[in-house]
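File shown: coords-v2.pdb (PDB, C-alpha atoms, pLDDT in the B column).
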ATOM      1  CA  MET A  17      18.050  77.399 -12.550  1.00 92.00           C
ATOM      2  CA  LYS A  18      20.115  78.013  -9.419  1.00 93.00           C
ATOM      3  CA  VAL A  19      18.593  76.633  -6.247  1.00 94.00           C
ATOM      4  CA  ALA A  20      19.570  76.470  -2.572  1.00 92.00           C
ATOM      5  CA  LEU A  21      19.077  73.087  -0.932  1.00 92.00           C
ATOM      6  CA  LYS A  22      16.976  73.100   2.249  1.00 90.00           C
ATOM      7  CA  LYS A  23      17.611  69.395   2.919  1.00 90.00           C
ATOM      8  CA  ASP A  24      20.184  66.776   1.971  1.00 91.00           C
ATOM      9  CA  ILE A  25      19.217  65.303  -1.393  1.00 92.00           C
ATOM     10  CA  GLU A  26      20.880  62.118  -2.574  1.00 91.00           C
ATOM     11  CA  LYS A  27      22.906  62.585  -5.779  1.00 91.00           C
ATOM     12  CA  LEU A  28      22.377  66.358  -5.683  1.00 93.00           C
ATOM     13  CA  GLY A  29      23.991  67.770  -2.542  1.00 90.00           C
ATOM     14  CA  LYS A  30      23.758  68.619   1.121  1.00 87.00           C
ATOM     15  CA  ARG A  31      21.707  71.204   2.953  1.00 85.00           C
ATOM     16  CA  GLY A  32      23.103  74.674   2.324  1.00 85.00           C
ATOM     17  CA  ASP A  33      24.603  73.911  -1.102  1.00 88.00           C
ATOM     18  CA  ILE A  34      23.839  76.066  -4.136  1.00 91.00           C
ATOM     19  CA  LYS A  35      23.255  73.911  -7.224  1.00 93.00           C
ATOM     20  CA  GLU A  36      22.328  74.408 -10.860  1.00 94.00           C
ATOM     21  CA  VAL A  37      19.394  72.168 -11.869  1.00 95.00           C
ATOM     22  CA  ALA A  38      17.027  71.930 -14.827  1.00 96.00           C
ATOM     23  CA  ASP A  39      14.112  74.363 -14.658  1.00 95.00           C
ATOM     24  CA  GLY A  40      11.467  71.621 -14.899  1.00 96.00           C
ATOM     25  CA  TYR A  41      13.118  69.523 -12.186  1.00 94.00           C
ATOM     26  CA  ALA A  42      13.146  72.533  -9.855  1.00 94.00           C
ATOM     27  CA  ARG A  43       9.615  73.791 -10.622  1.00 94.00           C
ATOM     28  CA  ASN A  44       7.844  70.433 -10.807  1.00 96.00           C
ATOM     29  CA  TYR A  45       9.638  68.351  -8.206  1.00 95.00           C
ATOM     30  CA  LEU A  46      12.057  70.117  -5.858  1.00 95.00           C
ATOM     31  CA  ILE A  47      10.220  73.369  -5.035  1.00 94.00           C
ATOM     32  CA  PRO A  48       6.723  71.828  -4.507  1.00 95.00           C
ATOM     33  CA  ARG A  49       8.195  69.298  -2.072  1.00 95.00           C
ATOM     34  CA  GLY A  50      10.004  72.025  -0.119  1.00 94.00           C
ATOM     35  CA  LEU A  51      13.443  70.559  -0.797  1.00 94.00           C
ATOM     36  CA  VAL A  52      14.914  73.727  -2.347  1.00 94.00           C
ATOM     37  CA  GLU A  53      14.262  77.408  -2.846  1.00 92.00           C
ATOM     38  CA  MET A  54      15.254  79.636  -5.726  1.00 92.00           C
ATOM     39  CA  ALA A  55      18.682  81.130  -5.139  1.00 90.00           C
ATOM     40  CA  SER A  56      18.409  84.896  -4.705  1.00 90.00           C
ATOM     41  CA  ALA A  57      21.186  87.049  -3.216  1.00 90.00           C
ATOM     42  CA  ALA A  58      19.625  86.904   0.273  1.00 91.00           C
ATOM     43  CA  VAL A  59      19.098  83.149   0.078  1.00 89.00           C
ATOM     44  CA  ILE A  60      22.699  82.617  -1.058  1.00 88.00           C
ATOM     45  CA  LYS A  61      23.998  84.609   1.945  1.00 89.00           C
ATOM     46  CA  ARG A  62      21.815  82.658   4.354  1.00 87.00           C
ATOM     47  CA  THR A  63      22.737  79.270   2.896  1.00 85.00           C
ATOM     48  CA  GLU A  64      26.418  80.210   2.991  1.00 86.00           C
ATOM     49  CA  LYS A  65      26.113  80.664   6.767  1.00 87.00           C
ATOM     50  CA  VAL A  66      24.328  77.300   7.059  1.00 83.00           C
ATOM     51  CA  ARG A  67      27.039  75.624   4.974  1.00 84.00           C
ATOM     52  CA  GLN A  68      29.825  77.147   7.096  1.00 89.00           C
ATOM     53  CA  ALA A  69      28.120  75.983  10.305  1.00 88.00           C
ATOM     54  CA  ARG A  70      27.757  72.484   8.841  1.00 85.00           C
ATOM     55  CA  GLU A  71      31.438  72.388   7.836  1.00 88.00           C
ATOM     56  CA  LEU A  72      32.472  73.524  11.328  1.00 93.00           C
ATOM     57  CA  ALA A  73      30.341  70.807  12.935  1.00 90.00           C
ATOM     58  CA  GLU A  74      31.749  68.197  10.539  1.00 88.00           C
ATOM     59  CA  SER A  75      35.336  69.220  11.322  1.00 89.00           C
ATOM     60  CA  LYS A  76      34.675  68.996  15.086  1.00 92.00           C
ATOM     61  CA  GLU A  77      33.099  65.562  14.608  1.00 89.00           C
ATOM     62  CA  LYS A  78      36.085  64.458  12.525  1.00 89.00           C
ATOM     63  CA  GLU A  79      38.454  65.603  15.316  1.00 90.00           C
ATOM     64  CA  LYS A  80      36.498  63.553  17.876  1.00 89.00           C
ATOM     65  CA  LEU A  81      36.600  60.505  15.612  1.00 87.00           C
ATOM     66  CA  ALA A  82      40.349  60.981  15.092  1.00 88.00           C
ATOM     67  CA  GLU A  83      40.838  60.948  18.886  1.00 88.00           C
ATOM     68  CA  VAL A  84      38.849  57.707  19.150  1.00 86.00           C
ATOM     69  CA  ALA A  85      40.848  56.220  16.261  1.00 87.00           C
ATOM     70  CA  ASP A  86      44.126  57.144  17.999  1.00 88.00           C
ATOM     71  CA  LYS A  87      42.859  55.554  21.200  1.00 86.00           C
ATOM     72  CA  ILE A  88      42.086  52.184  19.604  1.00 86.00           C
ATOM     73  CA  ALA A  89      44.773  52.092  16.885  1.00 86.00           C
ATOM     74  CA  GLY A  90      47.234  49.263  17.372  1.00 85.00           C
ATOM     75  CA  GLN A  91      45.301  47.800  20.298  1.00 85.00           C
ATOM     76  CA  SER A  92      45.491  44.034  20.654  1.00 90.00           C
ATOM     77  CA  ILE A  93      42.066  42.560  21.357  1.00 89.00           C
ATOM     78  CA  GLU A  94      41.705  38.974  22.585  1.00 91.00           C
ATOM     79  CA  ILE A  95      38.538  37.046  21.865  1.00 90.00           C
ATOM     80  CA  LYS A  96      37.989  33.602  23.362  1.00 90.00           C
ATOM     81  CA  ALA A  97      35.979  31.093  21.375  1.00 89.00           C
ATOM     82  CA  LYS A  98      35.131  27.401  21.488  1.00 89.00           C
ATOM     83  CA  VAL A  99      37.361  25.398  19.180  1.00 89.00           C
ATOM     84  CA  GLY A 100      36.897  22.089  17.406  1.00 86.00           C
ATOM     85  CA  ALA A 101      39.246  20.020  15.279  1.00 82.00           C
ATOM     86  CA  ASP A 102      41.974  21.716  13.190  1.00 83.00           C
ATOM     87  CA  ASP A 103      41.673  24.932  15.248  1.00 81.00           C
ATOM     88  CA  LYS A 104      38.332  25.719  13.610  1.00 87.00           C
ATOM     89  CA  LEU A 105      35.836  27.679  15.661  1.00 88.00           C
ATOM     90  CA  PHE A 106      32.331  26.571  16.501  1.00 88.00           C
ATOM     91  CA  GLY A 107      30.579  29.419  14.734  1.00 86.00           C
ATOM     92  CA  SER A 108      32.574  32.501  13.758  1.00 88.00           C
ATOM     93  CA  ILE A 109      33.835  35.841  15.034  1.00 90.00           C
ATOM     94  CA  THR A 110      31.902  38.696  13.420  1.00 89.00           C
ATOM     95  CA  ASN A 111      32.264  42.463  13.481  1.00 89.00           C
ATOM     96  CA  ALA A 112      29.687  42.569  16.312  1.00 90.00           C
ATOM     97  CA  ASN A 113      31.926  40.347  18.479  1.00 90.00           C
ATOM     98  CA  ILE A 114      34.924  42.557  17.713  1.00 91.00           C
ATOM     99  CA  ALA A 115      32.951  45.714  18.590  1.00 90.00           C
ATOM    100  CA  GLN A 116      32.017  44.180  21.968  1.00 91.00           C
ATOM    101  CA  ALA A 117      35.642  43.213  22.638  1.00 91.00           C
ATOM    102  CA  ILE A 118      36.868  46.722  21.787  1.00 89.00           C
ATOM    103  CA  LYS A 119      34.243  48.209  24.115  1.00 89.00           C
ATOM    104  CA  ALA A 120      35.266  45.839  26.925  1.00 89.00           C
ATOM    105  CA  LYS A 121      38.965  46.675  26.589  1.00 87.00           C
ATOM    106  CA  THR A 122      38.985  50.403  25.783  1.00 85.00           C
ATOM    107  CA  LYS A 123      35.597  51.542  27.190  1.00 86.00           C
ATOM    108  CA  THR A 124      34.926  53.006  23.738  1.00 83.00           C
ATOM    109  CA  GLU A 125      31.657  52.151  22.026  1.00 87.00           C
ATOM    110  CA  ILE A 126      32.078  51.487  18.310  1.00 87.00           C
ATOM    111  CA  ASP A 127      29.288  50.744  15.861  1.00 88.00           C
ATOM    112  CA  LYS A 128      29.730  47.281  14.362  1.00 89.00           C
ATOM    113  CA  LYS A 129      29.120  48.718  10.884  1.00 91.00           C
ATOM    114  CA  LEU A 130      32.407  50.625  11.102  1.00 90.00           C
ATOM    115  CA  ILE A 131      34.423  47.415  11.402  1.00 90.00           C
ATOM    116  CA  THR A 132      35.562  45.982   8.084  1.00 86.00           C
ATOM    117  CA  LEU A 133      35.918  42.212   7.782  1.00 86.00           C
ATOM    118  CA  SER A 134      36.323  40.603   4.378  1.00 81.00           C
ATOM    119  CA  GLU A 135      34.720  37.479   5.848  1.00 83.00           C
ATOM    120  CA  PRO A 136      33.900  36.221   9.344  1.00 84.00           C
ATOM    121  CA  ILE A 137      36.850  34.798  11.290  1.00 89.00           C
ATOM    122  CA  LYS A 138      36.546  31.010  11.559  1.00 89.00           C
ATOM    123  CA  LYS A 139      39.980  29.899  12.816  1.00 89.00           C
ATOM    124  CA  ILE A 140      42.255  30.588  15.761  1.00 90.00           C
ATOM    125  CA  GLY A 141      44.921  33.149  14.981  1.00 89.00           C
ATOM    126  CA  GLU A 142      45.861  36.799  14.773  1.00 91.00           C
ATOM    127  CA  TYR A 143      44.004  39.081  12.379  1.00 90.00           C
ATOM    128  CA  LYS A 144      44.343  42.748  11.442  1.00 91.00           C
ATOM    129  CA  VAL A 145      40.968  44.455  11.316  1.00 90.00           C
ATOM    130  CA  LYS A 146      40.238  47.971  10.050  1.00 89.00           C
ATOM    131  CA  VAL A 147      37.827  50.305  11.799  1.00 89.00           C
ATOM    132  CA  ARG A 148      36.781  53.012   9.341  1.00 89.00           C
ATOM    133  CA  PHE A 149      35.068  56.009  10.940  1.00 86.00           C
ATOM    134  CA  VAL A 150      34.935  58.378   7.949  1.00 81.00           C
ATOM    135  CA  ASP A 151      36.861  58.635   4.679  1.00 77.00           C
ATOM    136  CA  GLU A 152      40.099  59.987   6.156  1.00 81.00           C
ATOM    137  CA  VAL A 153      39.842  58.537   9.682  1.00 85.00           C
ATOM    138  CA  GLU A 154      40.517  54.855  10.235  1.00 86.00           C
ATOM    139  CA  ALA A 155      42.369  52.655  12.710  1.00 89.00           C
ATOM    140  CA  GLU A 156      43.761  49.157  12.612  1.00 89.00           C
ATOM    141  CA  VAL A 157      43.172  46.754  15.491  1.00 90.00           C
ATOM    142  CA  ILE A 158      44.835  43.384  16.033  1.00 90.00           C
ATOM    143  CA  VAL A 159      42.326  40.654  16.917  1.00 90.00           C
ATOM    144  CA  LYS A 160      43.722  37.525  18.556  1.00 92.00           C
ATOM    145  CA  VAL A 161      41.313  34.616  18.552  1.00 90.00           C
ATOM    146  CA  ILE A 162      42.237  32.072  21.236  1.00 89.00           C
ATOM    147  CA  ALA A 163      40.709  28.828  22.474  1.00 88.00           C
ATOM    148  CA  GLU A 164      38.465  28.889  25.539  1.00 83.00           C
TER     149      GLU A 164
END
In structure tokens, what does this structure look like?
Amino acid sequence: MKVALKKDIEKLGKRGDIKEVADGYARNYLIPRGLVEMASAAVIKRTEKVRQARELAESKEKEKLAEVADKIAGQSIEIKAKVGADDKLFGSITNANIAQAIKAKTKTEIDKKLITLSEPIKKIGEYKVKVRFVDEVEAEVIVKVIAE
């Protein structure tokens, strides 16, 4: 049965998509919960407009994120930390610390979840850190950890 999605449904699709699903799944689960409607010609036209509007909004958002990525790409961020023996830090530098340092330097707020660290930084040095906004948009920032 062809259905038009009214809401984003995990593992099925996004709002405005037209999908083919099993009749029982549509009749017993999706339609009673108001997640989809049967795909008639009028519904397909309407959902096509919704899908186009969503794609336009996503492309504008991607452009904004690309501008932010260009702004922070290649930036050198210095973070001061207390150091013990063998240049080891007391504690560690996490993605939250890096997000704060980026905000302080570039006046650009970045969610800490976008920053990719394989493990917290525990020594003085220079590290390359990726900031991944969406699949195609990412930037690399150089983080220099120095002693206080």
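Residue nearest A:Thr63 within the list A:Pro136, A:Lys23, A:Glu142, A:Tyr45: A:Lys23 [criterion: smallest interatomic distance, all atoms listed in the file].
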Selection result for the PyMOL selection byres ((chain A and resi 159-164) around 7) on this file, as a ChimeraX atom specification | /A:92-99,140-145,157-158
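Here the question is which of A:Lys27, A:Lys22, A:Arg49, A:Lys104 gets nearest to A:Val66 using all atoms listed in the file, and that residue is A:Lys22.
One finds atom CA of A:Arg62 at 14.6 Å from atom CA of A:Lys35.
For the choices A:Lys87, A:Lys121, A:Lys139, A:Arg67, the atom-to-atom distance to A:Gly29 is smallest for A:Arg67 when using only C-alpha atoms.
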Skipping near chain neighbours, those fewer than 5 positions away, what residues fall within 12 Å of A:Ala55 using only C-alpha atoms, listed as JSON, numbers by chain?
-> {"A": [17, 18, 19, 20, 21, 22, 32, 33, 34, 35, 36, 37, 42, 47, 60, 61, 62, 63, 64]}
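Here atom CA of A:Ser108 stands at a distance of 16.8 Å from atom CA of A:Lys129.
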Give the centre and edge lengths of an axis-aligned box, in Å to one decimal, that holds all listed atoms of stretch 85-103 of chain A with 5 Å on each side, as lines of an AutoDock Vina configuration file.
center_x = 41.2
center_y = 38.6
center_z = 18.3
size_x = 22.1
size_y = 47.1
size_z = 20.2
Answer key for the PyMOL selection byres ((chain A and resi 110) around 10), residues as a PyMOL selection string = chain A and resi 107-109+111-115+128+131-133+135-138
Dump C-alpha atoms for the selected residues as an mmCIF file, keeping the file's coordinate frame?
data_model
loop_
_atom_site.group_PDB
_atom_site.id
_atom_site.type_symbol
_atom_site.label_atom_id
_atom_site.label_comp_id
_atom_site.auth_asym_id
_atom_site.auth_seq_id
_atom_site.Cartn_x
_atom_site.Cartn_y
_atom_site.Cartn_z
ATOM 1 C CA GLY A 107 30.579 29.419 14.734
ATOM 2 C CA SER A 108 32.574 32.501 13.758
ATOM 3 C CA ILE A 109 33.835 35.841 15.034
ATOM 4 C CA ASN A 111 32.264 42.463 13.481
ATOM 5 C CA ALA A 112 29.687 42.569 16.312
ATOM 6 C CA ASN A 113 31.926 40.347 18.479
ATOM 7 C CA ILE A 114 34.924 42.557 17.713
ATOM 8 C CA ALA A 115 32.951 45.714 18.590
ATOM 9 C CA LYS A 128 29.730 47.281 14.362
ATOM 10 C CA ILE A 131 34.423 47.415 11.402
ATOM 11 C CA THR A 132 35.562 45.982 8.084
ATOM 12 C CA LEU A 133 35.918 42.212 7.782
ATOM 13 C CA GLU A 135 34.720 37.479 5.848
ATOM 14 C CA PRO A 136 33.900 36.221 9.344
ATOM 15 C CA ILE A 137 36.850 34.798 11.290
ATOM 16 C CA LYS A 138 36.546 31.010 11.559
#
Tell me, counting only C-alpha atoms, for each residue of stretch 90-160 of chain A within 9 Å of stretch 83-86 of chain A, which pair of atoms is nearest and how far apart they are in Å to one decimal, in rows ordered by chain and increasing number, as JSON lines.
{"residue": "A:Gly90", "atom": "CA", "partner": "A:Asp86", "partner_atom": "CA", "distance": 8.5}
{"residue": "A:Thr124", "atom": "CA", "partner": "A:Val84", "partner_atom": "CA", "distance": 7.7}
{"residue": "A:Val147", "atom": "CA", "partner": "A:Ala85", "partner_atom": "CA", "distance": 8.0}
{"residue": "A:Arg148", "atom": "CA", "partner": "A:Ala85", "partner_atom": "CA", "distance": 8.6}
{"residue": "A:Phe149", "atom": "CA", "partner": "A:Ala85", "partner_atom": "CA", "distance": 7.9}
{"residue": "A:Val153", "atom": "CA", "partner": "A:Ala85", "partner_atom": "CA", "distance": 7.0}
{"residue": "A:Glu154", "atom": "CA", "partner": "A:Ala85", "partner_atom": "CA", "distance": 6.2}
{"residue": "A:Ala155", "atom": "CA", "partner": "A:Ala85", "partner_atom": "CA", "distance": 5.3}
{"residue": "A:Glu156", "atom": "CA", "partner": "A:Ala85", "partner_atom": "CA", "distance": 8.5}
Mind filling out stretch 73-88 of chain A with N, CA and C atoms and sending it as a PDB file, in the frame of the given file?
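The result, stored in part.pdb:
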ATOM      1  N   ALA A  73      30.806  71.962  12.163  1.00 90.00           N
ATOM      2  CA  ALA A  73      30.341  70.807  12.935  1.00 90.00           C
ATOM      3  C   ALA A  73      30.986  69.519  12.424  1.00 90.00           C
ATOM      4  N   GLU A  74      31.117  69.386  11.107  1.00 88.00           N
ATOM      5  CA  GLU A  74      31.749  68.197  10.539  1.00 88.00           C
ATOM      6  C   GLU A  74      33.218  68.110  10.923  1.00 88.00           C
ATOM      7  N   SER A  75      33.915  69.246  10.954  1.00 89.00           N
ATOM      8  CA  SER A  75      35.336  69.220  11.322  1.00 89.00           C
ATOM      9  C   SER A  75      35.505  68.863  12.798  1.00 89.00           C
ATOM     10  N   LYS A  76      34.607  69.360  13.666  1.00 92.00           N
ATOM     11  CA  LYS A  76      34.675  68.996  15.086  1.00 92.00           C
ATOM     12  C   LYS A  76      34.405  67.505  15.269  1.00 92.00           C
ATOM     13  N   GLU A  77      33.424  66.987  14.535  1.00 89.00           N
ATOM     14  CA  GLU A  77      33.099  65.562  14.608  1.00 89.00           C
ATOM     15  C   GLU A  77      34.281  64.722  14.125  1.00 89.00           C
ATOM     16  N   LYS A  78      34.929  65.182  13.059  1.00 89.00           N
ATOM     17  CA  LYS A  78      36.085  64.458  12.525  1.00 89.00           C
ATOM     18  C   LYS A  78      37.226  64.437  13.536  1.00 89.00           C
ATOM     19  N   GLU A  79      37.417  65.548  14.275  1.00 90.00           N
ATOM     20  CA  GLU A  79      38.454  65.603  15.316  1.00 90.00           C
ATOM     21  C   GLU A  79      38.155  64.596  16.426  1.00 90.00           C
ATOM     22  N   LYS A  80      36.881  64.522  16.842  1.00 89.00           N
ATOM     23  CA  LYS A  80      36.498  63.553  17.876  1.00 89.00           C
ATOM     24  C   LYS A  80      36.755  62.125  17.406  1.00 89.00           C
ATOM     25  N   LEU A  81      36.389  61.841  16.156  1.00 87.00           N
ATOM     26  CA  LEU A  81      36.600  60.505  15.612  1.00 87.00           C
ATOM     27  C   LEU A  81      38.087  60.183  15.498  1.00 87.00           C
ATOM     28  N   ALA A  82      38.900  61.193  15.173  1.00 88.00           N
ATOM     29  CA  ALA A  82      40.349  60.981  15.092  1.00 88.00           C
ATOM     30  C   ALA A  82      40.915  60.630  16.466  1.00 88.00           C
ATOM     31  N   GLU A  83      40.401  61.270  17.523  1.00 88.00           N
ATOM     32  CA  GLU A  83      40.838  60.948  18.886  1.00 88.00           C
ATOM     33  C   GLU A  83      40.485  59.505  19.237  1.00 88.00           C
ATOM     34  N   VAL A  84      39.274  59.085  18.887  1.00 86.00           N
ATOM     35  CA  VAL A  84      38.849  57.707  19.150  1.00 86.00           C
ATOM     36  C   VAL A  84      39.719  56.738  18.355  1.00 86.00           C
ATOM     37  N   ALA A  85      40.011  57.082  17.099  1.00 87.00           N
ATOM     38  CA  ALA A  85      40.848  56.220  16.261  1.00 87.00           C
ATOM     39  C   ALA A  85      42.245  56.085  16.857  1.00 87.00           C
ATOM     40  N   ASP A  86      42.805  57.193  17.359  1.00 88.00           N
ATOM     41  CA  ASP A  86      44.126  57.144  17.999  1.00 88.00           C
ATOM     42  C   ASP A  86      44.097  56.268  19.243  1.00 88.00           C
ATOM     43  N   LYS A  87      42.986  56.325  19.961  1.00 86.00           N
ATOM     44  CA  LYS A  87      42.859  55.554  21.200  1.00 86.00           C
ATOM     45  C   LYS A  87      42.855  54.048  20.931  1.00 86.00           C
ATOM     46  N   ILE A  88      42.196  53.626  19.858  1.00 86.00           N
ATOM     47  CA  ILE A  88      42.086  52.184  19.604  1.00 86.00           C
ATOM     48  C   ILE A  88      43.125  51.655  18.617  1.00 86.00           C
TER      49      ILE A  88
END
